[in-house]
Each structure stands twice: as C-alpha cells, then as structure tokens.
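S.K.: Submitted below is the structure of interest, expressed as structure tokens.
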Amino acid sequence: MRQPGAVFDYPYLWSNEAGKVDNPKDRVTCLVVARTRADREGVDLHHLLLAGITDNPRPDQEAVEIPVTEKRRAGLQLERPAFVVLSEYNYDVLPHSWNYDPNGRTFGRFSDAFMDEVRRRFFTLMKAGMTARNDRMAPGR
C-alpha cells in the first residue's frame with residue numbers, strides 16, 4: 001500500500017459526477033490519510049481518504065495550490081498549475097476495493113511538510129461539515 005502523500009493514477013470520482021458516471025477515467029490522485037483497523041474477524045482493513053488533483057478547481061471547490069518544489073517531488077508537470085482539492089474526497093477500503101490498483105502508476109510523493117498542511121486544512125473543512133465524501137468501496141461492503 002502507498003504512503004500518505006503518494007501521487008498516483010486512480011479512477012477518482014468528483015462529487016458533481018456521483019451517480020452520473022459509471023466508469024470514471026483515471027486521474028492524478030493523492031493519498032491523504034490511510035488508517036488501518038481490524039474488522040470483526042481480525043482482517044486488517046485499510047481506510048483510504050483520497051484527494052483529487054486538478055489544474056483548474058471548480059468555483060465550489062476548496063483547494064490548495066501545489067508549489068513547484070512539490071510538483072517536482074510528485075512527478076507532476078512543472079509548467080501547469082496544480083491544486084489538491086480539499087472540499088471533497090473519495091473513500092475506499094482495502095482489500096475490498098474495485099478501484100485501487102496497488103500496482104498502478106505512481107508518479108511520486110509530496111513532502112511530509114506539505115502533507116501536514118494539506119491534512120490540517122482538509123480536517124478543518126471536514127470538522128466544519130464542508131467536505132463531500134464519495135464512497136468508492138465495492139458494493140455490499
């Protein structure tokens with residue numbers, strides 16, 4: 001499993017696509033939080049909170065701009081603007097995911113310092129009820 005801050009391809013579903021798109025295209029995504037908890041049978045479940053990365057956030061999205069040094073670390077294009085969207089996220093659970101490919105392309109990883117800022121702002125929005133969660137778990141889980 002990837003570490004928080006990893007930037008990789010994932011079929012990220014924006015909140016305005018929920019219920020409208022059956023097969024979202026792979027998008028550059030950042031793993032914000034990964035928490036592991038055992039289920040009733042003792043199997044470790046990895047709960048993932050995933051943030052989309054875009055070059056043009058919608059007006060209704062809260063986002064943090066990615067500095068050039070972080071774009072370099074993450075393997076993103078330096079000449080294009082890039083933002084981590086904080087006001088919505090995809091929620092997925094391993095090993096029950098139909099979407100998360102552990103062998104998929106990983107571009108790089110943001111620094112711990114940048115991820116601390118992302119998480120702080122993300123959890124501030126979450127506590128204020130200003131985030132949209134898009135469940136991506138396999139049906140019946």
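Residues are named by chain letter and number: chains run A, B, ... in the order of the structure tokens, numbers start at 1 in each chain, and ligands are numbered from 1 in the order shown.
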Taking only segment 60-95 of chain A into account, list the residues labelled alpha helix (DSSP H) by DSSP (computed from the backbone), as a PyMOL selection string.

M.R.: chain A and resi 68-74

S.K.: Could you name the residues that touch Thr69 of chain A at 10 Å or less, counting only C-alpha atoms, but leaving out those on the same chain fewer than 2 positions away, as a compact mmCIF listing (two decimals) with C-alpha atoms, in the first residue's frame?

M.R.:
# COMPACT_ATOMS: atom_id res chain seq x y z
CA ILE A 66 0.85 22.84 -5.19
CA PRO A 67 4.19 24.68 -5.15
CA LYS A 71 5.17 19.28 -8.16
CA ARG A 72 8.73 18.15 -8.82
CA ARG A 73 8.64 15.66 -5.90
CA ALA A 74 5.25 14.34 -7.01
CA LEU A 78 6.01 21.88 -13.64
CA PHE A 110 4.63 15.07 -1.63
CA SER A 111 6.84 16.04 1.30

S.K.: At most 9 Å is the cut-off: for each residue in segment 2-77 of chain A with any atom that close to an atom of segment 120-134 of chain A, write down the nearest atom pair and the distance in Å rounded to one decimal, counting only C-alpha atoms, chain first then increasing number, as JSON lines.

M.R.:
{"residue": "A:Leu13", "atom": "CA", "partner": "A:Asn134", "partner_atom": "CA", "distance": 7.1}
{"residue": "A:Trp14", "atom": "CA", "partner": "A:Asn134", "partner_atom": "CA", "distance": 7.7}
{"residue": "A:Ser15", "atom": "CA", "partner": "A:Asn134", "partner_atom": "CA", "distance": 6.5}
{"residue": "A:Ala18", "atom": "CA", "partner": "A:Asn134", "partner_atom": "CA", "distance": 7.2}
{"residue": "A:Val32", "atom": "CA", "partner": "A:Phe122", "partner_atom": "CA", "distance": 8.8}
{"residue": "A:Leu49", "atom": "CA", "partner": "A:Arg133", "partner_atom": "CA", "distance": 8.9}
{"residue": "A:Glu62", "atom": "CA", "partner": "A:Leu125", "partner_atom": "CA", "distance": 8.8}
{"residue": "A:Val64", "atom": "CA", "partner": "A:Arg121", "partner_atom": "CA", "distance": 8.6}

S.K.: For the structure I just gave you, how does DSSP split segment 28-130 of chain A - specifically, which residues are strand (DSSP E or B)? Reply as a ChimeraX atom specification.

M.R.: /A:28-38,44-54,63-65,83-85,88-94,97,106-109

S.K.: One decimal, in Å: what's the spacing between atom CA of Val28 of chain A and atom CA of Tyr100 of chain A?

M.R.: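 A separation of 12.6 Å between them.
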
S.K.: Using only C-alpha atoms, which of the listed residues (A:Lys20, A:Gln3, A:Gly42, A:Glu88) sits closest to Asp135 of chain A?

M.R.: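 Closest to Asp135 of chain A, using only C-alpha atoms: A:Glu88.
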
S.K.: Would you compute the distance between atom CA of Pro102 of chain A and atom CA of Thr54 of chain A? Give it in Å to one decimal.

M.R.: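 So the answer is 21.8 Å.
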
S.K.: Tell me, as JSON, numbers by chain, which residues lie within 10 Å of Asp101 of chain A, counting only C-alpha atoms; anything in the same chain fewer than 6 positions away does not count.

M.R.: {"A": [1, 8, 9, 10, 11]}

S.K.: Quick one, how far is atom CA of Ile53 of chain A from atom CA of Arg80 of chain A?

M.R.: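 Computing the Euclidean distance for atom CA of Ile53 of chain A and atom CA of Arg80 of chain A yields 11.9 Å.
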
S.K.: Of the candidates A:Ala38, A:Val68, A:Val85, A:Leu50, which one gets nearest to Arg2 of chain A if we count only C-alpha atoms?

M.R.: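 Looking at the shortest contact to Arg2 of chain A, the residue is A:Leu50.
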